[in-house]
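Structure data follow from model39.txt (compact mmCIF, C-alpha atoms and all ligand atoms):
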```txt
# COMPACT_ATOMS: atom_id res chain seq x y z
CA MET A 1 0.00 0.00 0.00
CA ILE A 2 2.76 2.45 0.95
CA GLY A 3 4.22 2.03 -2.55
CA ARG A 4 0.95 3.16 -4.17
CA LEU A 5 0.65 6.02 -1.69
CA ASN A 6 4.19 7.16 -2.52
CA VAL A 7 3.37 7.14 -6.23
CA ARG A 8 0.19 9.17 -5.62
CA LEU A 9 2.02 11.73 -3.52
CA ALA A 10 4.97 11.93 -5.92
CA GLU A 11 2.58 12.65 -8.80
CA ALA A 12 0.95 15.50 -6.87
CA LEU A 13 4.36 16.89 -5.91
CA ALA A 14 5.51 16.72 -9.52
CA VAL A 15 2.53 18.87 -10.54
CA GLY A 16 3.69 21.54 -8.06
CA ARG A 17 7.23 21.39 -9.42
CA ARG A 18 6.01 21.69 -13.02
CA ASN A 19 3.71 24.65 -12.42
CA GLY A 20 6.14 26.54 -10.17
CA THR A 21 4.13 26.31 -6.95
CA TYR A 22 6.43 23.87 -5.14
CA LYS A 23 7.86 25.43 -1.96
CA VAL A 24 11.56 25.02 -1.35
CA VAL A 25 12.57 25.59 2.26
CA LYS A 26 15.72 27.67 2.62
CA GLU A 27 18.39 26.65 5.11
CA LEU A 28 19.71 29.31 7.49
CA GLN A 29 23.16 28.81 8.96
CA GLY A 30 23.13 31.28 11.80
CA THR A 31 20.97 33.64 13.83
CA VAL A 32 17.95 35.36 12.33
CA GLY A 33 18.46 39.10 12.01
CA ALA A 34 18.33 41.81 9.38
CA HIS A 35 20.75 39.61 7.45
CA VAL A 36 20.98 35.84 7.42
CA GLU A 37 23.49 33.34 6.14
CA LEU A 38 21.72 31.07 3.62
CA ALA A 39 23.14 27.71 2.56
CA ASP A 40 24.35 28.00 -1.07
CA ARG A 41 23.63 31.75 -1.18
CA GLY A 42 25.70 33.32 1.57
CA ARG A 43 24.65 36.49 3.36
CA VAL A 44 21.37 38.03 2.25
CA LEU A 45 18.98 40.69 3.52
CA LEU A 46 15.98 39.16 5.29
CA PHE A 47 12.46 40.61 4.94
CA SER A 48 10.49 37.53 5.97
CA SER A 49 10.98 37.47 9.71
CA ASN A 50 8.33 37.62 12.42
CA ASP A 51 11.00 38.63 14.93
CA TYR A 52 9.80 42.20 14.45
CA LEU A 53 11.76 43.76 17.29
CA GLY A 54 14.86 41.63 16.82
CA LEU A 55 14.51 40.49 20.43
CA SER A 56 15.13 36.77 19.91
CA SER A 57 18.85 37.21 19.37
CA ARG A 58 19.42 40.02 21.86
CA PRO A 59 22.12 39.00 24.37
CA GLU A 60 19.77 39.47 27.37
CA VAL A 61 17.25 37.08 25.79
CA VAL A 62 19.84 34.45 24.90
CA VAL A 63 21.39 34.66 28.39
CA ALA A 64 17.94 34.29 30.01
CA ALA A 65 17.18 31.25 27.83
CA LYS A 66 20.48 29.64 28.82
CA ALA A 67 19.93 30.41 32.51
CA ALA A 68 16.50 28.74 32.38
CA LEU A 69 18.02 25.75 30.59
CA ASP A 70 20.70 25.46 33.28
CA ARG A 71 18.15 25.68 36.08
CA PHE A 72 15.34 23.50 34.69
CA GLY A 73 17.02 21.36 32.02
CA ALA A 74 15.80 20.76 28.49
CA SER A 75 12.70 18.73 29.24
CA THR A 76 9.35 19.44 30.82
CA ALA A 77 9.25 15.66 31.43
CA SER A 78 5.53 15.31 30.69
CA VAL A 79 2.24 17.09 30.41
CA ARG A 80 1.78 19.73 33.12
CA PHE A 81 -1.06 18.06 34.98
CA ILE A 82 0.81 14.75 35.02
CA CYS A 83 4.31 15.76 36.09
CA GLY A 84 3.79 19.24 37.50
CA THR A 85 4.55 22.60 36.00
CA LEU A 86 7.75 24.61 36.17
CA SER A 87 7.84 27.73 38.29
CA ILE A 88 9.08 29.63 35.24
CA HIS A 89 5.79 28.81 33.43
CA ARG A 90 3.88 30.42 36.28
CA GLU A 91 6.23 33.40 36.28
CA LEU A 92 5.73 33.92 32.54
CA GLU A 93 1.95 33.51 32.78
CA THR A 94 1.76 36.07 35.59
CA GLU A 95 3.86 38.47 33.51
CA LEU A 96 1.69 37.95 30.39
CA SER A 97 -1.55 38.56 32.29
CA ARG A 98 -0.08 41.67 33.90
CA PHE A 99 1.21 42.90 30.51
CA LEU A 100 -2.25 42.55 28.97
CA GLY A 101 -4.19 43.68 32.04
CA VAL A 102 -6.29 40.53 32.28
CA GLY A 103 -6.90 38.09 35.12
CA SER A 104 -4.82 35.14 34.10
CA ALA A 105 -2.86 33.40 31.32
CA LEU A 106 -1.88 29.93 30.19
CA THR A 107 1.05 29.17 27.91
CA TYR A 108 1.08 26.55 25.15
CA SER A 109 3.82 25.15 22.96
CA SER A 110 2.57 27.41 20.14
CA CYS A 111 -0.22 29.84 19.37
CA TRP A 112 -1.50 27.19 16.99
CA ALA A 113 -1.98 24.96 20.03
CA ALA A 114 -3.52 27.85 22.00
CA ASN A 115 -6.08 28.62 19.28
CA THR A 116 -7.01 25.01 18.64
CA GLY A 117 -7.18 24.42 22.40
CA LEU A 118 -9.24 27.46 23.32
CA ILE A 119 -12.36 27.45 21.17
CA PRO A 120 -13.30 23.77 21.67
CA ALA A 121 -12.81 24.10 25.46
CA ILE A 122 -15.01 27.14 26.07
CA THR A 123 -17.89 26.52 23.66
CA GLN A 124 -20.87 24.19 23.94
CA ALA A 125 -23.76 23.04 21.74
CA GLY A 126 -25.90 25.94 20.57
CA ASP A 127 -23.15 28.55 20.89
CA VAL A 128 -22.27 30.53 17.77
CA VAL A 129 -18.69 31.32 16.75
CA LEU A 130 -18.40 34.24 14.32
CA ALA A 131 -15.08 34.49 12.52
CA ASP A 132 -13.54 36.92 10.03
CA GLU A 133 -13.03 35.20 6.68
CA LEU A 134 -9.31 36.06 6.72
CA ASN A 135 -8.61 34.71 10.20
CA HIS A 136 -5.46 32.69 10.68
CA ALA A 137 -5.70 28.98 9.89
CA SER A 138 -5.29 28.05 13.57
CA LEU A 139 -8.43 30.01 14.51
CA ILE A 140 -10.29 28.35 11.66
CA ASP A 141 -9.15 24.90 12.76
CA GLY A 142 -9.97 25.78 16.39
CA GLY A 143 -13.54 26.47 15.29
CA ARG A 144 -13.67 23.19 13.38
CA LEU A 145 -12.71 21.31 16.54
CA ALA A 146 -15.54 22.86 18.58
CA PRO A 147 -18.06 20.41 20.09
CA LYS A 148 -20.94 19.10 18.02
CA GLY A 149 -23.78 21.59 17.87
CA VAL A 150 -21.57 24.70 17.98
CA GLU A 151 -22.43 26.78 14.93
CA ARG A 152 -19.68 28.43 12.95
CA ARG A 153 -20.38 31.53 10.87
CA VAL A 154 -17.89 33.41 8.74
CA TYR A 155 -18.31 37.14 8.13
CA GLY A 156 -16.76 39.03 5.22
CA HIS A 157 -13.35 40.46 5.95
CA ALA A 158 -13.80 43.39 8.38
CA ASP A 159 -17.41 43.61 7.17
CA MET A 160 -19.23 44.96 10.21
CA ALA A 161 -22.65 44.98 8.55
CA ASP A 162 -22.23 41.27 7.88
CA LEU A 163 -21.10 40.66 11.46
CA ALA A 164 -24.06 42.64 12.85
CA ARG A 165 -26.45 40.60 10.69
CA LEU A 166 -24.96 37.32 11.92
CA LEU A 167 -25.03 38.49 15.54
CA SER A 168 -28.71 39.37 15.24
CA ALA A 169 -29.42 35.94 13.79
CA ALA A 170 -27.59 34.39 16.76
CA ALA A 171 -29.57 36.35 19.37
CA SER A 172 -31.07 33.26 20.98
CA ALA A 173 -27.79 31.30 21.21
CA PRO A 174 -26.54 30.60 24.74
CA ALA A 175 -23.27 32.39 23.87
CA ARG A 176 -21.82 34.29 20.90
CA PHE A 177 -18.06 34.54 20.25
CA ILE A 178 -16.50 37.03 17.85
CA VAL A 179 -13.11 35.65 16.88
CA THR A 180 -10.62 37.75 14.96
CA ASP A 181 -6.97 38.36 14.22
CA GLY A 182 -5.76 41.77 15.40
CA VAL A 183 -3.29 42.28 12.54
CA PHE A 184 -4.23 40.01 9.64
CA SER A 185 -1.16 37.99 8.84
CA MET A 186 -1.36 37.99 5.05
CA GLU A 187 -2.70 41.55 4.57
CA GLY A 188 -1.16 43.43 7.49
CA ASP A 189 -4.41 45.35 7.96
CA LEU A 190 -6.11 45.71 11.34
CA ALA A 191 -9.40 44.32 12.58
CA PRO A 192 -11.84 47.21 13.19
CA LEU A 193 -11.77 46.57 16.92
CA PRO A 194 -13.77 49.63 18.04
CA ASP A 195 -16.68 48.50 15.83
CA ILE A 196 -16.27 44.89 16.92
CA ALA A 197 -16.28 45.97 20.58
CA ALA A 198 -19.43 48.05 20.03
CA LEU A 199 -21.19 45.14 18.33
CA ALA A 200 -20.08 42.79 21.11
CA ARG A 201 -21.58 45.14 23.68
CA ALA A 202 -24.82 45.52 21.74
CA HIS A 203 -25.22 41.78 21.15
CA ASP A 204 -23.69 40.49 24.39
CA ALA A 205 -20.89 38.62 22.64
CA VAL A 206 -17.45 37.52 23.83
CA VAL A 207 -14.50 39.01 21.90
CA VAL A 208 -11.57 36.66 21.24
CA LEU A 209 -8.54 38.44 19.75
CA ASP A 210 -5.54 36.64 18.30
CA ASP A 211 -2.95 39.39 18.23
CA SER A 212 0.05 37.35 17.19
CA HIS A 213 1.22 39.96 14.68
CA GLY A 214 0.08 42.93 16.76
CA MET A 215 1.76 42.40 20.13
CA GLY A 216 5.07 44.19 20.32
CA VAL A 217 4.21 46.04 17.12
CA MET A 218 0.98 47.98 17.58
CA GLY A 219 0.06 50.40 20.35
CA GLU A 220 2.21 52.90 22.18
CA THR A 221 3.63 50.30 24.55
CA GLY A 222 3.40 47.31 22.20
CA ARG A 223 0.38 45.80 23.90
CA GLY A 224 -1.11 45.34 20.47
CA THR A 225 -3.99 46.22 18.21
CA ALA A 226 -6.44 46.81 21.06
CA GLU A 227 -4.05 49.33 22.60
CA HIS A 228 -3.67 50.97 19.17
CA PHE A 229 -7.43 51.55 19.06
CA GLY A 230 -7.79 52.30 22.80
CA VAL A 231 -10.19 49.38 23.36
CA ALA A 232 -8.04 47.03 25.44
CA ALA A 233 -10.64 46.97 28.22
CA GLU A 234 -13.17 45.52 25.77
CA ILE A 235 -11.19 42.48 24.70
CA ASP A 236 -12.37 39.47 26.68
CA ILE A 237 -9.82 36.85 25.67
CA TYR A 238 -6.43 37.28 24.00
CA THR A 239 -4.38 34.68 22.23
CA GLY A 240 -0.90 35.32 20.96
CA THR A 241 2.43 33.87 20.04
CA LEU A 242 5.72 34.17 21.86
CA GLY A 243 7.46 33.39 18.58
CA LYS A 244 7.14 36.73 16.83
CA ALA A 245 7.81 40.22 18.28
CA LEU A 246 7.86 39.04 21.90
CA GLY A 247 11.16 37.33 21.26
CA GLY A 248 10.63 33.92 22.87
CA GLY A 249 11.36 32.13 19.61
CA THR A 250 8.32 29.87 19.82
CA GLY A 251 5.31 29.23 22.08
CA GLY A 252 1.89 30.76 22.53
CA PHE A 253 -0.68 31.66 25.14
CA VAL A 254 -4.26 32.46 26.03
CA ALA A 255 -4.86 35.36 28.42
CA GLY A 256 -8.21 36.28 29.92
CA PRO A 257 -10.46 35.93 32.95
CA LEU A 258 -9.58 33.28 35.54
CA PRO A 259 -12.62 31.01 34.82
CA VAL A 260 -11.53 30.79 31.16
CA ILE A 261 -7.97 29.89 32.08
CA GLU A 262 -9.07 27.41 34.75
CA THR A 263 -11.35 25.77 32.20
CA LEU A 264 -8.45 25.45 29.77
CA VAL A 265 -6.35 23.76 32.46
CA GLN A 266 -9.18 21.26 32.99
CA ARG A 267 -10.27 20.67 29.41
CA SER A 268 -8.05 22.09 26.72
CA ARG A 269 -6.68 19.19 24.74
CA PRO A 270 -3.25 20.61 23.75
CA HIS A 271 -2.75 21.43 27.45
CA LEU A 272 -3.86 17.96 28.59
CA PHE A 273 -2.17 15.87 25.92
CA SER A 274 1.01 17.69 24.94
CA ASN A 275 4.23 18.77 26.62
CA ALA A 276 4.58 22.29 27.97
CA LEU A 277 6.75 25.12 26.71
CA PRO A 278 10.47 24.37 27.25
CA ALA A 279 11.96 26.35 30.15
CA SER A 280 14.48 28.00 27.82
CA VAL A 281 11.61 29.44 25.76
CA ALA A 282 9.84 30.66 28.89
CA GLY A 283 13.07 32.33 30.03
CA ALA A 284 13.60 33.96 26.65
CA SER A 285 10.00 35.17 26.56
CA LEU A 286 10.25 36.71 30.02
CA ALA A 287 13.39 38.57 28.99
CA GLY A 288 11.72 39.69 25.74
CA LEU A 289 8.73 41.04 27.64
CA ARG A 290 11.02 42.93 30.02
CA ILE A 291 12.90 44.56 27.14
CA LEU A 292 9.61 45.56 25.53
CA GLU A 293 8.38 47.12 28.76
CA GLU A 294 11.62 49.02 29.32
CA GLY A 295 12.09 50.08 25.68
CA ARG A 296 8.81 51.86 25.15
CA HIS A 297 10.04 53.51 21.95
CA LEU A 298 10.58 50.14 20.18
CA PRO A 299 7.12 49.58 18.60
CA ALA A 300 6.83 53.18 17.35
CA ALA A 301 10.34 53.07 15.85
CA LEU A 302 9.47 49.82 14.07
CA ARG A 303 6.23 51.24 12.66
CA ALA A 304 8.06 54.33 11.41
CA LYS A 305 10.47 52.09 9.50
CA ALA A 306 7.59 50.11 7.99
CA ALA A 307 5.81 53.34 6.96
CA TRP A 308 9.00 54.62 5.32
CA PHE A 309 9.45 51.33 3.44
CA ARG A 310 5.84 51.30 2.23
CA GLN A 311 6.10 54.88 1.01
CA ALA A 312 9.44 54.24 -0.71
CA LEU A 313 7.92 51.31 -2.63
CA ARG A 314 5.00 53.54 -3.61
CA GLU A 315 7.42 56.09 -5.01
CA HIS A 316 8.71 53.33 -7.30
CA GLY A 317 5.16 52.58 -8.46
CA ILE A 318 4.88 49.45 -6.30
CA GLN A 319 1.65 49.48 -4.27
CA ALA A 320 1.61 47.52 -1.05
CA ILE A 321 -1.58 46.86 0.90
CA ASP A 322 -1.85 49.87 3.17
CA SER A 323 -1.83 49.57 6.96
CA PRO A 324 0.02 50.86 10.02
CA SER A 325 1.52 47.40 10.77
CA ALA A 326 4.97 46.03 9.93
CA ILE A 327 3.56 43.67 7.28
CA VAL A 328 3.92 45.08 3.76
CA PRO A 329 2.35 42.73 1.20
CA VAL A 330 2.49 43.34 -2.54
CA ILE A 331 -0.01 41.33 -4.60
CA VAL A 332 1.41 39.83 -7.79
CA GLY A 333 -1.37 37.47 -8.94
CA GLU A 334 -0.64 33.80 -9.51
CA THR A 335 1.23 31.58 -7.04
CA ALA A 336 3.94 30.69 -9.54
CA ARG A 337 4.55 34.39 -10.17
CA ALA A 338 4.99 35.10 -6.47
CA ILE A 339 7.45 32.23 -6.12
CA ALA A 340 9.36 33.27 -9.24
CA MET A 341 9.49 36.88 -8.02
CA ALA A 342 10.85 35.77 -4.66
CA GLU A 343 13.57 33.80 -6.46
CA ARG A 344 14.43 36.87 -8.54
CA LEU A 345 14.75 38.96 -5.38
CA LEU A 346 16.93 36.30 -3.80
CA ASP A 347 19.20 36.40 -6.83
CA HIS A 348 19.68 40.07 -5.99
CA GLY A 349 20.35 39.31 -2.29
CA LEU A 350 16.92 39.83 -0.70
CA PHE A 351 15.15 36.94 1.00
CA VAL A 352 11.36 37.27 1.15
CA THR A 353 8.69 34.63 0.69
CA GLY A 354 6.09 34.44 -2.06
CA PHE A 355 2.73 33.28 -0.68
CA GLY A 356 0.16 31.64 -2.89
CA PHE A 357 -2.71 29.21 -2.75
CA PRO A 358 -3.73 27.65 -0.33
CA VAL A 359 -2.29 30.23 2.11
CA VAL A 360 -4.08 33.05 0.27
CA PRO A 361 -6.93 32.84 -2.27
CA GLU A 362 -6.11 31.87 -5.84
CA GLY A 363 -5.08 34.87 -7.92
CA THR A 364 -3.98 36.98 -4.95
CA ALA A 365 -0.51 35.54 -4.46
CA ARG A 366 1.84 38.01 -2.90
CA LEU A 367 5.24 38.86 -1.59
CA ARG A 368 4.92 39.63 2.07
CA PHE A 369 7.69 41.96 3.17
CA GLN A 370 8.10 42.22 6.93
CA VAL A 371 10.04 45.11 8.35
CA SER A 372 12.04 44.56 11.51
CA ALA A 373 13.55 46.91 14.08
CA GLY A 374 16.89 45.36 13.14
CA HIS A 375 16.75 46.84 9.63
CA SER A 376 19.02 49.87 9.39
CA GLU A 377 18.19 52.80 7.13
CA GLU A 378 20.76 51.41 4.73
CA ASP A 379 19.10 47.95 4.77
CA LEU A 380 15.74 49.51 3.97
CA ARG A 381 17.17 51.59 1.12
CA GLU A 382 19.02 48.58 -0.27
CA ALA A 383 15.86 46.45 -0.13
CA VAL A 384 13.82 49.10 -1.94
CA ALA A 385 16.50 49.40 -4.64
CA ILE A 386 16.54 45.61 -5.11
CA ILE A 387 12.75 45.39 -5.27
CA ALA A 388 12.52 48.28 -7.75
CA LYS A 389 15.13 46.62 -9.95
CA ALA A 390 13.41 43.22 -9.81
CA TRP A 391 10.03 44.80 -10.58
CA SER A 392 11.45 46.63 -13.54
CA GLN A 393 13.05 43.40 -14.87
CA ALA A 394 9.79 41.57 -14.33
CA ARG A 395 7.86 44.22 -16.24
CA HIS A 396 10.22 43.80 -19.14
CA ALA A 397 10.06 40.03 -18.97
CA ASP A 398 6.27 40.28 -18.71
CA ALA A 399 6.35 38.37 -15.44
CA PRO A 400 4.24 39.45 -12.45
CA ARG A 401 1.53 42.04 -12.63
CA ALA A 402 3.65 44.78 -11.07
CA SER A 403 1.05 47.17 -9.74
C1 LIG B 501 -2.50 35.29 13.56
C2 LIG B 501 -1.67 34.09 13.91
N1 LIG B 501 -2.12 33.25 14.86
C3 LIG B 501 -1.42 32.17 15.21
C4 LIG B 501 -0.23 31.86 14.60
C5 LIG B 501 0.51 30.62 15.01
O1 LIG B 501 1.54 30.99 15.88
P1 LIG B 501 2.60 29.90 16.35
O2 LIG B 501 3.71 29.97 15.36
O3 LIG B 501 2.99 30.34 17.73
O4 LIG B 501 1.91 28.59 16.35
C6 LIG B 501 0.29 32.70 13.62
C7 LIG B 501 1.57 32.37 12.98
O5 LIG B 501 1.81 32.52 11.83
C8 LIG B 501 -0.45 33.83 13.25
O6 LIG B 501 -0.03 34.65 12.30
```
Output the file's structure in the form of structure tokens.
Amino acid sequence: MIGRLNVRLAEALAVGRRNGTYKVVKELQGTVGAHVELADRGRVLLFSSNDYLGLSSRPEVVVAAKAALDRFGASTASVRFICGTLSIHRELETELSRFLGVGSALTYSSCWAANTGLIPAITQAGDVVLADELNHASLIDGGRLAPKGVERRVYGHADMADLARLLSAAASAPARFIVTDGVFSMEGDLAPLPDIAALARAHDAVVVLDDSHGMGVMGETGRGTAEHFGVAAEIDIYTGTLGKALGGGTGGFVAGPLPVIETLVQRSRPHLFSNALPASVAGASLAGLRILEEGRHLPAALRAKAAWFRQALREHGIQAIDSPSAIVPVIVGETARAIAMAERLLDHGLFVTGFGFPVVPEGTARLRFQVSAGHSEEDLREAVAIIAKAWSQARHADAPRAS
């Protein structure tokens, strides 16, 4: 049987290779920063990193990770309820809940695990989960794992009239949950949180915000998209990753009222059936959070760099999706075009990923540039020059739609 399966899979993979949609994973040979050392390519500029503030390789973070490793070892030995939890987990969870101004927090090995663990644990038959159509895949899968009888409804992207209509239709449900990204990962735009909060108030709904790309980036103190809009008090439950701007390298969490967190400890399947965050990651995350709290200028400085980059592309006739976040996507059309364009940029020394179907809808493939605090002015200028050159070559070669 495995022979036939291998043939079937190989045929499907060959189709991807033929039509230019096959993803080749690049190998990095050192730390992730503004530049990286790529196997077979050498040193290139990196514009694909989620490490927005460059915290993950800061000496304080690396030292804290090593200290946690020395104290607690590499293993968490088992699931937390079976073999106990590490004090550093509790320390990090206290710090996260304090940072976000909510009652409690629970860490997971990833935000994927947090999102797929949260929704099934807090919903029950009859409840309605309302989700933005561009929500991250982990929120979508979290909804799919909800208990039988939980209704899932998808509203148009940031379409508040659609959300209001669906909320009205769900008036008799025992509970309504509005689930949204804060910064949408493939567009970089922001959820209209003030409108969402107003609708939640009017329709007595719970707001669940995954702010994986917003924390550390948006808001005066980096507390995220809700802080940016001044509606932090109206977010009921946060989820987020420790593996992007917060500097932990990996890991995720849910933060919210104590009954929610206690329920997750009792029922959430990734918490009950999977090992906890390694101590080194908890140590790194704690150090990252401390740097963010002390360096209050960091998010604003990052956003200023992203705004400069977006404007500079515009001046070269390259239109990125507009937003105040650090995600700067340029739509190029077909998946194969995005991948080919990324290869062209890499040939010029700039590493960025082309995203196509199934990550984004067919025909809207894009290059997603991500600006980082580690990019110097010179790095930004060099990247813009490379992109402008590649776009001009592509126009001549009649490659991507270079709008
Ligand atoms: C909005 C959003 N949620 C969740 C995740 C998953 O985060 P993690 O890598 O911690 O699983 C991502 C990562 O890409 C994301 O963009």
Task: atom CA of A:Asp236 to atom CA of A:Val207, distance in Å rounded to a single decimal - done: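 One can read the atom CA of A:Asp236 to atom CA of A:Val207 distance as 5.3 Å.
Each of A:Trp112, A:Phe47, A:Phe99, A:Phe72 was compared to ligand LIG 501 (chain B) using all atoms listed in the file, and A:Trp112 turns out to be the nearest.
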- [ ] Can you tell me which residues come within 10 Å of ligand LIG 501 (chain B) when counting only C-alpha atoms and all ligand atoms, ideally as a ChimeraX atom specification?
- [x] /A:50,108-116,134-139,180-186,209-214,239-244,248-253
Task: Residue among A:Arg80, A:Arg58, A:Arg337, A:Arg90 lying closest to A:Phe273, counting only C-alpha atoms - done: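 Closest to A:Phe273, using only C-alpha atoms: A:Arg80.
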- [ ] Place a sphere of radius 12 Å on (17.5, 22.3, 27.8) in the file coordinates and name every protein, DNA or RNA residue with an atom inside or on its surface, counting only C-alpha atoms; give the answer as a list in words.
- [x]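 The answer, in the requested form, is Ala65, Lys66, Ala67, Ala68, Leu69, Asp70, Arg71, Phe72, Gly73, Ala74, Ser75, Thr76, Ala77, Leu277, Pro278, Ala279, Ser280, Val281, Ala282 and Gly283 of chain A.
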TODO: Find, counting all atoms listed in the file, the residue in A:Val61, A:Ala276, A:Leu53, A:Ala255 that gets nearest to A:Ala326.
DONE: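 So, comparing all the options, the nearest one is A:Leu53.
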Open item on the list: When you count only C-alpha atoms, which of these residues is closest to A:Gly126: A:Glu294, A:Glu234, A:Asp141, A:Glu151?
Closed with: A:Glu151
Task: Separation of atom CA of A:Phe229 from atom CA of A:Pro194 in Å - done: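 Taking atom CA of A:Pro194 and atom CA of A:Phe229, their separation equals 6.7 Å.
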TODO: Would you work out the distance separating atom CA of A:Glu315 from atom CA of A:His396, expressed in Å to one decimal?
DONE: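 Going from atom CA of A:Glu315 over to atom CA of A:His396 covers 18.9 Å.
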TODO: Using only C-alpha atoms, find the one residue out of A:Gly33, A:Glu227, A:Val206, A:Glu220 that sits nearest to A:His297.
DONE: A:Glu220
Task: Residue contacts of A:Leu346 (9 Å, only C-alpha atoms) excluding same-chain residues fewer than 4 positions away, as a PyMOL selection string - done: chain A and resi 41+44-45+341-342+350-352
At a cut-off of 12 Å, using all atoms listed in the file, what residues contact A:Tyr22? Leave out same-chain residues fewer than 5 positions from it and give the result as a compact mmCIF listing (two decimals) with C-alpha atoms, keeping the file's coordinate frame.
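Here's the written file selection-v5.txt:
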```txt
# COMPACT_ATOMS: atom_id res chain seq x y z
CA ALA A 12 0.95 15.50 -6.87
CA LEU A 13 4.36 16.89 -5.91
CA ALA A 14 5.51 16.72 -9.52
CA VAL A 15 2.53 18.87 -10.54
CA GLY A 16 3.69 21.54 -8.06
CA ARG A 17 7.23 21.39 -9.42
CA THR A 335 1.23 31.58 -7.04
CA ALA A 336 3.94 30.69 -9.54
CA ARG A 337 4.55 34.39 -10.17
CA ALA A 338 4.99 35.10 -6.47
CA ILE A 339 7.45 32.23 -6.12
CA ALA A 340 9.36 33.27 -9.24
CA GLY A 354 6.09 34.44 -2.06
CA PHE A 355 2.73 33.28 -0.68
CA GLY A 356 0.16 31.64 -2.89
CA PHE A 357 -2.71 29.21 -2.75
CA PRO A 358 -3.73 27.65 -0.33
```
Open item on the list: I want to know what sits within 8 Å of A:Leu272, based on only C-alpha atoms, with residues of the same chain fewer than 5 positions away left out; could you give that as a count of residues only?
Closed with: 6
Complete the atoms of stretch 8-22 of chain A to N, CA and C atoms and put them out as a compact mmCIF listing (two decimals), in the coordinates of the input.
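Final output, saved to out_7.txt:
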```
# COMPACT_ATOMS: atom_id res chain seq x y z
N ARG A 8 1.24 8.13 -5.58
CA ARG A 8 0.19 9.17 -5.62
C ARG A 8 0.75 10.52 -5.15
N LEU A 9 1.48 10.47 -4.05
CA LEU A 9 2.02 11.73 -3.52
C LEU A 9 3.08 12.32 -4.46
N ALA A 10 3.91 11.44 -5.01
CA ALA A 10 4.97 11.93 -5.92
C ALA A 10 4.35 12.59 -7.14
N GLU A 11 3.24 12.04 -7.62
CA GLU A 11 2.58 12.65 -8.80
C GLU A 11 2.07 14.05 -8.46
N ALA A 12 1.47 14.18 -7.27
CA ALA A 12 0.95 15.50 -6.87
C ALA A 12 2.10 16.48 -6.69
N LEU A 13 3.21 16.00 -6.11
CA LEU A 13 4.36 16.89 -5.91
C LEU A 13 4.95 17.32 -7.25
N ALA A 14 4.95 16.39 -8.20
CA ALA A 14 5.51 16.72 -9.52
C ALA A 14 4.69 17.82 -10.19
N VAL A 15 3.38 17.81 -9.95
CA VAL A 15 2.53 18.87 -10.54
C VAL A 15 2.99 20.22 -10.00
N GLY A 16 3.22 20.30 -8.68
CA GLY A 16 3.69 21.54 -8.06
C GLY A 16 5.01 21.99 -8.65
N ARG A 17 5.92 21.02 -8.85
CA ARG A 17 7.23 21.39 -9.42
C ARG A 17 7.07 21.91 -10.84
N ARG A 18 6.20 21.27 -11.61
CA ARG A 18 6.01 21.69 -13.02
C ARG A 18 5.40 23.08 -13.11
N ASN A 19 4.39 23.36 -12.24
CA ASN A 19 3.71 24.65 -12.42
C ASN A 19 4.29 25.76 -11.53
N GLY A 20 5.42 25.48 -10.90
CA GLY A 20 6.14 26.54 -10.17
C GLY A 20 5.55 26.88 -8.81
N THR A 21 4.72 26.00 -8.26
CA THR A 21 4.13 26.31 -6.95
C THR A 21 4.76 25.51 -5.81
N TYR A 22 5.78 24.72 -6.15
CA TYR A 22 6.43 23.87 -5.14
C TYR A 22 7.30 24.75 -4.23
```
